[in-house]
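**Q** Just dropping this structure here.
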2 protein chains.
Amino acid sequence: MNPQDTINAIAKRRGYHWPSYEIYGGLSGYITYGDLGTKLKRNIEHLWRQHYTRHQNVLEIDAPIINPEIIFEKSGHIANFREHSTECTQCHHSFRADHLIEDKTDLENVEAMGGEAIKQLLKEHKIKCPRCGGQLKEPTQILTMFKTEIGATGGLTGYARPEAAQSMFINFKRGYQHAREKLPFALAQIGKVMRNEISPRRGLARVREFTIMELELFFDPQNPHCPHLPEVEDEKVSLLTEEMQEKEEKTPLETTIKEALEKNLILTPWQAYYIGLSKRFITRLGVPPERQRFRAHLPDERSHYSAQTYDHEVKLDSIGWLEVAGHAYRTDYDLKAHQKGAGVDMTVLREDGTRYTPHVIEPSFGLGRQFLVTLEASYEFKEKRNILHLPRDLAPYQLSVNPLVTKDGLPEKATEIYKTLQDAGFTAQYDQSGSIGRRYARSDEIGTPLAVTIDYDNTLANEVVTIRDRDSWTQVKTHLDNLEEMLTKYYSYELEFKDLGEPL
Amino acid sequence: MNPQDTINAIAKRRGYHWPSYEIYGGLSGYITYGDLGTKLKRNIEHLWRQHYTRHQNVLEIDAPIINPEIIFEKSGHIANFREHSTECTQCHHSFRADHLIEDKTDLENVEAMGGEAIKQLLKEHKIKCPRCGGQLKEPTQILTMFKTEIGATGGLTGYARPEAAQSMFINFKRGYQHAREKLPFALAQIGKVMRNEISPRRGLARVREFTIMELELFFDPQNPHCPHLPEVEDEKVSLLTEEMQEKEEKTPLETTIKEALEKNLILTPWQAYYIGLSKRFITRLGVPPERQRFRAHLPDERSHYSAQTYDHEVKLDSIGWLEVAGHAYRTDYDLKAHQKGAGVDMTVLREDGTRYTPHVIEPSFGLGRQFLVTLEASYEFKEKRNILHLPRDLAPYQLSVNPLVTKDGLPEKATEIYKTLQDAGFTAQYDQSGSIGRRYARSDEIGTPLAVTIDYDNTLANEVVTIRDRDSWTQVKTHLDNLEEMLTKYYSYELEFKDLGEPL
């Protein structure tokens, strides 16, 4: 089995995620997260906040999903948020034309080639309907936003946002006030977005509804200095620049954030800073550096608002290179668009009395994709067992608490320990069903880092528990008096497993 | 000024919340939360999770907002999720007929009276269009869900969910598997829902998009025992039962959860348990018990699925009694509806071999309303100052860190302390702008419980900081070596302010 299929099977059986609307036959493009999934998702969100919102000048907001049409008219989305669609003349199903070409050829990133090239390629490769073999119509560009009417009695057209960014731009002035009228500052948002995909596929990687984690950093283009750059300037990154891609070079350039900025491969310091953080964040999810690269968008591929975009890509065994984040230099495009659209001044004052429209750097993360790469990077099949080696602070449950057997007061003692640990803030699962070996296997399969076991000789006699490590399958013994403190230090990465007690 | 207006003004100026789409003239029914608001919201969510999801048999899920039409057809929403709308024959604006009647009369809860009564009341009170004075049409029942097409090329009608519950019901079988096929268990969800209100008003209290916190507890009707009931059975509650309302009694019955259950005023133990938790949760937000009551829905008012519903209501000075949570006994209505609709067996097996459809208890919370009552309950105007006495663990920022003046190394020392506290996990704001008095006032106005001040005599000379209390405006002195530990204990309610150090 493809690792992705195995992981999907575990995910469904254990409660990470599964296709939505199962009992009604399913509906492509929709995923439901279960108990383990919501916990992992929340832990990834928390980690993102620690990376991207820890500085005081980052203000988080939470804005509506449905926006009146005028927002997306003025932002350019109605004109540009479109995909190449082709319909079968026989079965009338619609498909993404660029994806059909990618399936039939060795070409990658066909979308970037533009509409004319896509038409030609469909003809050249004689591509037919993948469902019924029928003739396909000429591709057209279709708006892929969900449309609705606001107000139960109609009247005002609205769209579900396909990104969170516009709500940050239209609230720029309000944010500026809350940031005490000082630049640079950022608005950030974690929330749901919707994209009305033509023919979604690839499970979690392309869905119609997902959580986005997005930040818009506003700065003065005459003063692009980023004070936090030293935090990441030595971070190593693999770049595929525009120039390299135009020369068809396939091997990325290994460089540092500092060097990339000096050589102007990254246009501006805030962009460099957020790219460095991105590398650090994705690495913390468990993705090794050699599976990461930053690929620049070619001019034809870039969104209408962008002066430079780097996709942060991760190489998966299942589906190859996958975009997990986008880093766009949006310039003053959006603020100017809304200034014109709303007739509201979006400029700010410099100390010297001149006015300017701020420039914007946008790091943007689709949480479902971080979730996907976290799970796939963590997976190992060892001695006929599935193991998810999730980073210890991201695992849905930090520990399981297990009485060795269900008699002689062991369950009572274990329940007491379980409650104490839960009250202390640990996410724990109490488990007494099945043999201890089976429980360890279950715990490994859902990625729980530690299993605490309560037995006769150690616990009842000496107030000592055994702790088993998911990764090494070794055990240590720890006195209950120290347990809470040891675990706290373990989960904050101050201790390693072997430091938690005496080897068994 | 009405306290709500004052709070809204603070909220807008400081960044709790404000009307969305301001620069495009606004759009009623939409609210944007700012930095303070998202933090308060997240803290309330966390507190709700601590109350409602701490038991192991509660599985949280995260399902899509857009659902295909069939879900709401089978659930009964297409037929029943409707409001009484009336349109002006002159200006063509639409209004909620029941709200127009409430505005013109002393009547409350007109919706519960049903369509015929509403028609009569409109005529009887000669109600005209509140905008232009025009004649109103006969009211009709309008579906108040947002409609859209799924798939960019159309074809499948979808609706945004107006509650999260249906995704819990259609995933019942999957949840049952993850709960190891044991009842009782619950599915819970915190997520966005949308209601296409006819004429939204009252700011935060009635919006078109909000976060819901909802739980569906599945149990065997032959075994309705709730093992957690003793946790809350002595909790005091004020009830307005169906019978009392039919007799037009206005004074609620003061009773305990245990007694209400014994007297069958609450129909079943799980309902009683969740009502007890609800009392405790809303009290923790800062709402005094005397401003809370549980009002039973009258038979005509109850949703199509409910055998008994209690609204948890809070009395606000600004708008009177407001529903902050609903507690519905949904019986087996929904599982049976989807069993029929999808043709999928929703029954489970008892140990004795018989099969049954589980019954459901649903506590449901609209987060925006918890947010609103938290803010309003916290507000005080004292000596010409606005103060938000937010519970210390809910305040957006736990503390501010202030150098007394901006010279002689005080900012450097303060920054160092700020970073240490932030690294230790506290949400802190560094503030050096303006006089210390002005900074304290700002800190009070946004509800920050403690202000830590760095000065010459104490800090530079003796490694001691002063801590100022938002509520009493008194100060204590604490050595930096103890600061982190003292604050940790303060925020977990192990210490009170006066215990944090020596009085100044």
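To be explicit about the labels: the chains of the structure tokens are called A, B, and onward in the order shown, and within each one the residues are counted from 1, while ligands get numbers from 1 in the order they are shown.
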Dump as a PDB file with N, CA, C and O atoms, in the first residue's frame the residues of chain A that approach chain B to within 6 Å, counting only C-alpha atoms.

**A**
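The new file part-v3.pdb reads:
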```pdb
ATOM      1  N   ARG A  14      -9.114   5.214  13.566  1.00  0.00           N
ATOM      2  CA  ARG A  14      -8.791   5.723  14.902  1.00  0.00           C
ATOM      3  C   ARG A  14      -9.402   7.093  15.203  1.00  0.00           C
ATOM      4  O   ARG A  14      -9.504   7.485  16.368  1.00  0.00           O
ATOM      5  N   TYR A  24     -24.211   9.286   3.400  1.00  0.00           N
ATOM      6  CA  TYR A  24     -24.973   9.697   2.210  1.00  0.00           C
ATOM      7  C   TYR A  24     -24.151   9.486   0.939  1.00  0.00           C
ATOM      8  O   TYR A  24     -24.373  10.138  -0.078  1.00  0.00           O
ATOM      9  N   THR A  32     -13.851  15.370   7.336  1.00  0.00           N
ATOM     10  CA  THR A  32     -14.224  15.607   8.734  1.00  0.00           C
ATOM     11  C   THR A  32     -13.084  15.132   9.632  1.00  0.00           C
ATOM     12  O   THR A  32     -12.555  14.040   9.432  1.00  0.00           O
ATOM     13  N   TYR A  33     -12.688  15.986  10.560  1.00  0.00           N
ATOM     14  CA  TYR A  33     -11.653  15.624  11.522  1.00  0.00           C
ATOM     15  C   TYR A  33     -12.300  15.034  12.769  1.00  0.00           C
ATOM     16  O   TYR A  33     -13.309  15.573  13.240  1.00  0.00           O
ATOM     17  N   GLY A  34     -11.722  13.962  13.277  1.00  0.00           N
ATOM     18  CA  GLY A  34     -12.228  13.347  14.500  1.00  0.00           C
ATOM     19  C   GLY A  34     -11.490  13.866  15.725  1.00  0.00           C
ATOM     20  O   GLY A  34     -10.776  14.873  15.660  1.00  0.00           O
ATOM     21  N   ASP A  35     -11.660  13.144  16.813  1.00  0.00           N
ATOM     22  CA  ASP A  35     -11.099  13.577  18.087  1.00  0.00           C
ATOM     23  C   ASP A  35      -9.580  13.732  18.010  1.00  0.00           C
ATOM     24  O   ASP A  35      -9.020  14.745  18.445  1.00  0.00           O
ATOM     25  N   LEU A  59      -1.310  41.429  15.462  1.00  0.00           N
ATOM     26  CA  LEU A  59      -2.657  41.438  16.027  1.00  0.00           C
ATOM     27  C   LEU A  59      -3.500  40.392  15.309  1.00  0.00           C
ATOM     28  O   LEU A  59      -3.632  40.427  14.085  1.00  0.00           O
ATOM     29  N   GLU A  60      -4.053  39.474  16.076  1.00  0.00           N
ATOM     30  CA  GLU A  60      -4.889  38.450  15.448  1.00  0.00           C
ATOM     31  C   GLU A  60      -6.310  38.982  15.324  1.00  0.00           C
ATOM     32  O   GLU A  60      -6.797  39.678  16.219  1.00  0.00           O
ATOM     33  N   ILE A  61      -6.972  38.657  14.232  1.00  0.00           N
ATOM     34  CA  ILE A  61      -8.383  39.030  14.097  1.00  0.00           C
ATOM     35  C   ILE A  61      -9.203  37.797  13.696  1.00  0.00           C
ATOM     36  O   ILE A  61      -8.643  36.748  13.376  1.00  0.00           O
ATOM     37  N   ASP A  62     -10.513  37.939  13.744  1.00  0.00           N
ATOM     38  CA  ASP A  62     -11.414  36.851  13.361  1.00  0.00           C
ATOM     39  C   ASP A  62     -12.585  37.499  12.632  1.00  0.00           C
ATOM     40  O   ASP A  62     -13.438  38.126  13.260  1.00  0.00           O
ATOM     41  N   ALA A  63     -12.588  37.404  11.321  1.00  0.00           N
ATOM     42  CA  ALA A  63     -13.555  38.123  10.489  1.00  0.00           C
ATOM     43  C   ALA A  63     -14.487  37.120   9.806  1.00  0.00           C
ATOM     44  O   ALA A  63     -14.204  35.926   9.768  1.00  0.00           O
ATOM     45  N   THR A 144     -14.029  30.156  -8.975  1.00  0.00           N
ATOM     46  CA  THR A 144     -14.139  29.042  -8.017  1.00  0.00           C
ATOM     47  C   THR A 144     -14.373  29.536  -6.583  1.00  0.00           C
ATOM     48  O   THR A 144     -13.730  29.091  -5.661  1.00  0.00           O
ATOM     49  N   LYS A 147     -20.883  31.097  -4.077  1.00  0.00           N
ATOM     50  CA  LYS A 147     -21.750  32.273  -4.177  1.00  0.00           C
ATOM     51  C   LYS A 147     -23.010  32.049  -3.344  1.00  0.00           C
ATOM     52  O   LYS A 147     -23.488  30.920  -3.243  1.00  0.00           O
ATOM     53  N   THR A 148     -23.529  33.108  -2.764  1.00  0.00           N
ATOM     54  CA  THR A 148     -24.777  32.994  -2.013  1.00  0.00           C
ATOM     55  C   THR A 148     -25.488  34.345  -2.004  1.00  0.00           C
ATOM     56  O   THR A 148     -24.994  35.316  -2.578  1.00  0.00           O
ATOM     57  N   GLY A 151     -29.011  37.812   3.464  1.00  0.00           N
ATOM     58  CA  GLY A 151     -30.376  38.243   3.773  1.00  0.00           C
ATOM     59  C   GLY A 151     -31.327  37.179   3.268  1.00  0.00           C
ATOM     60  O   GLY A 151     -31.263  36.790   2.098  1.00  0.00           O
ATOM     61  N   ALA A 152     -32.186  36.690   4.172  1.00  0.00           N
ATOM     62  CA  ALA A 152     -33.020  35.539   3.826  1.00  0.00           C
ATOM     63  C   ALA A 152     -33.966  35.854   2.684  1.00  0.00           C
ATOM     64  O   ALA A 152     -34.443  34.962   1.992  1.00  0.00           O
ATOM     65  N   HIS A 178      -5.275  50.103  16.500  1.00  0.00           N
ATOM     66  CA  HIS A 178      -4.981  49.234  17.639  1.00  0.00           C
ATOM     67  C   HIS A 178      -3.482  49.002  17.810  1.00  0.00           C
ATOM     68  O   HIS A 178      -3.020  48.700  18.900  1.00  0.00           O
ATOM     69  N   ASN A 196     -14.418  26.630  -4.231  1.00  0.00           N
ATOM     70  CA  ASN A 196     -15.367  25.765  -4.928  1.00  0.00           C
ATOM     71  C   ASN A 196     -14.666  25.028  -6.064  1.00  0.00           C
ATOM     72  O   ASN A 196     -14.913  25.278  -7.244  1.00  0.00           O
ATOM     73  N   GLU A 197     -13.791  24.097  -5.685  1.00  0.00           N
ATOM     74  CA  GLU A 197     -12.954  23.383  -6.641  1.00  0.00           C
ATOM     75  C   GLU A 197     -13.805  22.682  -7.706  1.00  0.00           C
ATOM     76  O   GLU A 197     -14.896  22.181  -7.425  1.00  0.00           O
ATOM     77  N   ILE A 198     -13.285  22.637  -8.923  1.00  0.00           N
ATOM     78  CA  ILE A 198     -14.005  22.013 -10.028  1.00  0.00           C
ATOM     79  C   ILE A 198     -14.068  20.503  -9.855  1.00  0.00           C
ATOM     80  O   ILE A 198     -15.125  19.891  -9.956  1.00  0.00           O
ATOM     81  N   ALA A 342     -13.288  51.660  -2.018  1.00  0.00           N
ATOM     82  CA  ALA A 342     -14.148  52.171  -0.944  1.00  0.00           C
ATOM     83  C   ALA A 342     -14.095  53.691  -0.860  1.00  0.00           C
ATOM     84  O   ALA A 342     -14.900  54.298  -0.159  1.00  0.00           O
TER      85      ALA A 342
END
```

**Q** Give me, as an mmCIF file with N, CA, C and O atoms, in the first residue's frame, all polymer residues having an atom no more than 10 Å from range 320-324 of chain A, counting only C-alpha atoms and skipping those fewer than 4 positions away in the same chain.

**A**
```cif
data_model
loop_
_atom_site.group_PDB
_atom_site.id
_atom_site.type_symbol
_atom_site.label_atom_id
_atom_site.label_comp_id
_atom_site.auth_asym_id
_atom_site.auth_seq_id
_atom_site.Cartn_x
_atom_site.Cartn_y
_atom_site.Cartn_z
ATOM 1 N N ALA A 205 -5.203 17.022 0.524
ATOM 2 C CA ALA A 205 -4.387 18.016 -0.154
ATOM 3 C C ALA A 205 -5.211 19.002 -0.979
ATOM 4 O O ALA A 205 -4.739 20.084 -1.304
ATOM 5 N N SER A 278 9.270 29.915 8.326
ATOM 6 C CA SER A 278 8.511 28.849 7.676
ATOM 7 C C SER A 278 9.326 27.555 7.671
ATOM 8 O O SER A 278 8.828 26.473 7.985
ATOM 9 N N ILE A 282 7.979 24.262 9.671
ATOM 10 C CA ILE A 282 7.702 22.980 8.996
ATOM 11 C C ILE A 282 8.671 21.895 9.490
ATOM 12 O O ILE A 282 8.301 20.724 9.618
ATOM 13 N N ARG A 291 13.675 17.371 2.596
ATOM 14 C CA ARG A 291 12.398 17.215 1.892
ATOM 15 C C ARG A 291 11.681 18.555 1.729
ATOM 16 O O ARG A 291 10.489 18.598 1.457
ATOM 17 N N GLN A 292 12.393 19.636 1.936
ATOM 18 C CA GLN A 292 11.778 20.954 1.822
ATOM 19 C C GLN A 292 12.505 21.792 0.772
ATOM 20 O O GLN A 292 13.718 21.696 0.627
ATOM 21 N N ARG A 293 11.735 22.618 0.081
ATOM 22 C CA ARG A 293 12.351 23.603 -0.811
ATOM 23 C C ARG A 293 11.407 24.808 -0.938
ATOM 24 O O ARG A 293 10.210 24.710 -0.651
ATOM 25 N N PHE A 294 11.972 25.915 -1.371
ATOM 26 C CA PHE A 294 11.177 27.112 -1.667
ATOM 27 C C PHE A 294 11.277 27.372 -3.163
ATOM 28 O O PHE A 294 12.370 27.611 -3.683
ATOM 29 N N ARG A 295 10.143 27.280 -3.838
ATOM 30 C CA ARG A 295 10.137 27.436 -5.288
ATOM 31 C C ARG A 295 9.462 28.755 -5.651
ATOM 32 O O ARG A 295 8.313 28.998 -5.254
ATOM 33 N N TYR A 310 7.163 32.839 -3.150
ATOM 34 C CA TYR A 310 7.838 31.553 -2.965
ATOM 35 C C TYR A 310 6.862 30.562 -2.362
ATOM 36 O O TYR A 310 6.272 30.831 -1.316
ATOM 37 N N ASP A 311 6.665 29.434 -3.030
ATOM 38 C CA ASP A 311 5.922 28.344 -2.407
ATOM 39 C C ASP A 311 6.882 27.535 -1.558
ATOM 40 O O ASP A 311 7.968 27.163 -2.027
ATOM 41 N N HIS A 312 6.483 27.279 -0.331
ATOM 42 C CA HIS A 312 7.238 26.345 0.502
ATOM 43 C C HIS A 312 6.676 24.960 0.172
ATOM 44 O O HIS A 312 5.492 24.710 0.363
ATOM 45 N N GLU A 313 7.542 24.095 -0.370
ATOM 46 C CA GLU A 313 7.068 22.778 -0.804
ATOM 47 C C GLU A 313 7.712 21.668 0.017
ATOM 48 O O GLU A 313 8.860 21.772 0.447
ATOM 49 N N VAL A 314 6.948 20.594 0.212
ATOM 50 C CA VAL A 314 7.432 19.419 0.940
ATOM 51 C C VAL A 314 7.293 18.204 0.030
ATOM 52 O O VAL A 314 6.268 18.044 -0.640
ATOM 53 N N LYS A 315 8.328 17.382 -0.007
ATOM 54 C CA LYS A 315 8.276 16.191 -0.850
ATOM 55 C C LYS A 315 7.688 15.018 -0.077
ATOM 56 O O LYS A 315 8.223 14.591 0.950
ATOM 57 N N LEU A 316 6.562 14.530 -0.563
ATOM 58 C CA LEU A 316 5.913 13.374 0.053
ATOM 59 C C LEU A 316 6.135 12.146 -0.810
ATOM 60 O O LEU A 316 6.122 12.238 -2.042
ATOM 61 N N SER A 364 1.282 32.475 4.179
ATOM 62 C CA SER A 364 -0.050 31.876 4.195
ATOM 63 C C SER A 364 0.065 30.351 4.240
ATOM 64 O O SER A 364 0.758 29.752 3.423
ATOM 65 N N PHE A 365 -0.615 29.736 5.204
ATOM 66 C CA PHE A 365 -0.497 28.290 5.434
ATOM 67 C C PHE A 365 -1.870 27.625 5.389
ATOM 68 O O PHE A 365 -2.782 28.058 6.091
ATOM 69 N N GLY A 366 -2.010 26.590 4.586
ATOM 70 C CA GLY A 366 -3.234 25.776 4.594
ATOM 71 C C GLY A 366 -3.065 24.679 5.624
ATOM 72 O O GLY A 366 -2.271 23.759 5.431
ATOM 73 N N LEU A 367 -3.808 24.783 6.707
ATOM 74 C CA LEU A 367 -3.571 23.895 7.854
ATOM 75 C C LEU A 367 -3.736 22.415 7.506
ATOM 76 O O LEU A 367 -2.999 21.565 8.011
ATOM 77 N N GLY A 368 -4.671 22.100 6.615
ATOM 78 C CA GLY A 368 -4.870 20.702 6.222
ATOM 79 C C GLY A 368 -3.603 20.098 5.639
ATOM 80 O O GLY A 368 -3.320 18.911 5.828
ATOM 81 N N ARG A 369 -2.841 20.905 4.936
ATOM 82 C CA ARG A 369 -1.604 20.388 4.337
ATOM 83 C C ARG A 369 -0.504 20.218 5.374
ATOM 84 O O ARG A 369 0.289 19.283 5.293
ATOM 85 N N GLN A 370 -0.434 21.104 6.354
ATOM 86 C CA GLN A 370 0.526 20.889 7.445
ATOM 87 C C GLN A 370 0.173 19.612 8.191
ATOM 88 O O GLN A 370 1.033 18.838 8.583
ATOM 89 N N PHE A 371 -1.115 19.420 8.373
ATOM 90 C CA PHE A 371 -1.635 18.230 9.051
ATOM 91 C C PHE A 371 -1.203 16.974 8.279
ATOM 92 O O PHE A 371 -0.683 16.010 8.847
ATOM 93 N N LEU A 372 -1.396 17.024 6.982
ATOM 94 C CA LEU A 372 -1.056 15.893 6.115
ATOM 95 C C LEU A 372 0.438 15.562 6.167
ATOM 96 O O LEU A 372 0.827 14.406 6.356
ATOM 97 N N VAL A 373 1.290 16.577 6.020
ATOM 98 C CA VAL A 373 2.734 16.287 6.007
ATOM 99 C C VAL A 373 3.217 15.859 7.397
ATOM 100 O O VAL A 373 4.134 15.046 7.514
#
```

**Q** Pick the closest to Met346 in chain A from A:Gly114, A:Gly276, A:Phe169, A:Arg439: which is it, counting only C-alpha atoms?

**A**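 Smallest distance to Met346 in chain A is found for A:Phe169.
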
**Q** Extract, using only C-alpha atoms, all DNA, RNA and protein residues at most 12 Å from Lys128 in chain B, discarding same-chain residues fewer than 5 positions from it, and format them as a list in words.

**A** Thr86, Glu87, Cys88, Thr89, Gln90, Cys91, His93, Ser94, Phe95, Ala97, Leu100, Ile101, Asp103, Lys104, Leu121, Leu122, Lys123, Gly133, Gly134, Gln135, Leu136, Lys137 and Glu138 of chain B

**Q** In range 108-234 of chain B, what's strand (DSSP E) per DSSP? Answer as a tab-separated table (two decimals) with N, CA and C atoms, in the first residue's frame?

**A**
```
chain	number	residue	atom	x	y	z
B	140	THR	N	-44.85	35.68	5.91
B	140	THR	CA	-44.66	34.30	5.41
B	140	THR	C	-43.45	33.70	6.11
B	141	GLN	N	-43.35	32.38	6.05
B	141	GLN	CA	-42.21	31.73	6.70
B	141	GLN	C	-41.09	31.52	5.70
B	142	ILE	N	-39.95	32.11	6.03
B	142	ILE	CA	-38.82	32.15	5.11
B	142	ILE	C	-37.69	31.27	5.65
B	143	LEU	N	-37.07	30.47	4.78
B	143	LEU	CA	-35.94	29.63	5.15
B	143	LEU	C	-34.73	30.53	5.41
B	147	LYS	N	-27.79	29.58	1.04
B	147	LYS	CA	-27.82	28.58	-0.03
B	147	LYS	C	-26.67	28.82	-0.99
B	148	THR	N	-26.13	27.76	-1.54
B	148	THR	CA	-25.07	27.91	-2.54
B	148	THR	C	-25.06	26.70	-3.48
B	149	GLU	N	-24.17	26.74	-4.46
B	149	GLU	CA	-23.99	25.59	-5.34
B	149	GLU	C	-22.62	24.99	-5.06
B	150	ILE	N	-22.57	23.68	-4.87
B	150	ILE	CA	-21.29	23.01	-4.63
B	150	ILE	C	-20.73	22.53	-5.97
B	156	LEU	N	-25.01	20.82	-7.65
B	156	LEU	CA	-25.45	20.29	-6.37
B	156	LEU	C	-25.73	21.44	-5.41
B	157	THR	N	-26.96	21.52	-4.92
B	157	THR	CA	-27.30	22.58	-3.99
B	157	THR	C	-26.73	22.28	-2.60
B	158	GLY	N	-26.17	23.29	-1.97
B	158	GLY	CA	-25.65	23.13	-0.61
B	158	GLY	C	-26.15	24.26	0.27
B	159	TYR	N	-26.09	24.03	1.57
B	159	TYR	CA	-26.45	25.06	2.55
B	159	TYR	C	-25.35	25.16	3.60
B	160	ALA	N	-25.12	26.36	4.08
B	160	ALA	CA	-24.25	26.52	5.24
B	160	ALA	C	-25.04	26.06	6.46
B	185	PHE	N	-21.58	8.02	24.98
B	185	PHE	CA	-20.44	8.83	24.54
B	185	PHE	C	-21.01	10.08	23.87
B	186	ALA	N	-20.15	11.05	23.64
B	186	ALA	CA	-20.61	12.30	23.05
B	186	ALA	C	-19.71	12.73	21.91
B	187	LEU	N	-20.29	13.40	20.93
B	187	LEU	CA	-19.51	14.12	19.93
B	187	LEU	C	-19.69	15.61	20.22
B	188	ALA	N	-18.60	16.35	20.18
B	188	ALA	CA	-18.67	17.78	20.46
B	188	ALA	C	-18.03	18.53	19.30
B	189	GLN	N	-18.39	19.78	19.16
B	189	GLN	CA	-17.83	20.56	18.06
B	189	GLN	C	-17.84	22.04	18.40
B	190	ILE	N	-16.72	22.69	18.10
B	190	ILE	CA	-16.65	24.15	18.19
B	190	ILE	C	-16.37	24.64	16.78
B	191	GLY	N	-17.29	25.39	16.20
B	191	GLY	CA	-17.04	25.82	14.83
B	191	GLY	C	-18.04	26.87	14.39
B	192	LYS	N	-17.80	27.39	13.19
B	192	LYS	CA	-18.65	28.45	12.67
B	192	LYS	C	-19.97	27.89	12.14
B	193	VAL	N	-21.03	28.66	12.38
B	193	VAL	CA	-22.32	28.38	11.76
B	193	VAL	C	-22.85	29.68	11.17
B	194	MET	N	-23.80	29.57	10.27
B	194	MET	CA	-24.33	30.75	9.59
B	194	MET	C	-25.85	30.72	9.60
B	209	GLU	N	-23.22	35.13	11.36
B	209	GLU	CA	-22.15	34.14	11.37
B	209	GLU	C	-21.57	34.11	12.77
B	210	PHE	N	-21.51	32.97	13.40
B	210	PHE	CA	-20.94	32.92	14.75
B	210	PHE	C	-20.37	31.55	15.06
B	211	THR	N	-19.58	31.51	16.12
B	211	THR	CA	-18.99	30.25	16.57
B	211	THR	C	-19.96	29.57	17.53
B	212	ILE	N	-20.23	28.31	17.26
B	212	ILE	CA	-21.10	27.54	18.16
B	212	ILE	C	-20.23	26.53	18.92
B	213	MET	N	-20.61	26.25	20.16
B	213	MET	CA	-19.95	25.19	20.93
B	213	MET	C	-21.07	24.23	21.30
B	214	GLU	N	-21.00	23.03	20.75
B	214	GLU	CA	-22.17	22.15	20.82
B	214	GLU	C	-21.73	20.73	21.12
B	215	LEU	N	-22.58	20.01	21.81
B	215	LEU	CA	-22.26	18.64	22.19
B	215	LEU	C	-23.51	17.78	22.05
B	216	GLU	N	-23.35	16.58	21.49
B	216	GLU	CA	-24.46	15.63	21.41
B	216	GLU	C	-24.07	14.40	22.21
B	217	LEU	N	-24.82	14.17	23.29
B	217	LEU	CA	-24.54	13.01	24.14
B	217	LEU	C	-25.50	11.89	23.77
B	218	PHE	N	-24.96	10.75	23.40
B	218	PHE	CA	-25.79	9.60	22.99
B	218	PHE	C	-25.91	8.62	24.16
B	219	PHE	N	-27.13	8.26	24.51
B	219	PHE	CA	-27.32	7.31	25.61
B	219	PHE	C	-28.46	6.34	25.32
```

**Q** I'd like the contact shell of Arg385 in chain B - 9 Å cut-off, only C-alpha atoms, skipping same-chain residues fewer than 6 positions apart - returned as a PyMOL selection string.

**A** chain B and resi 441+444-445
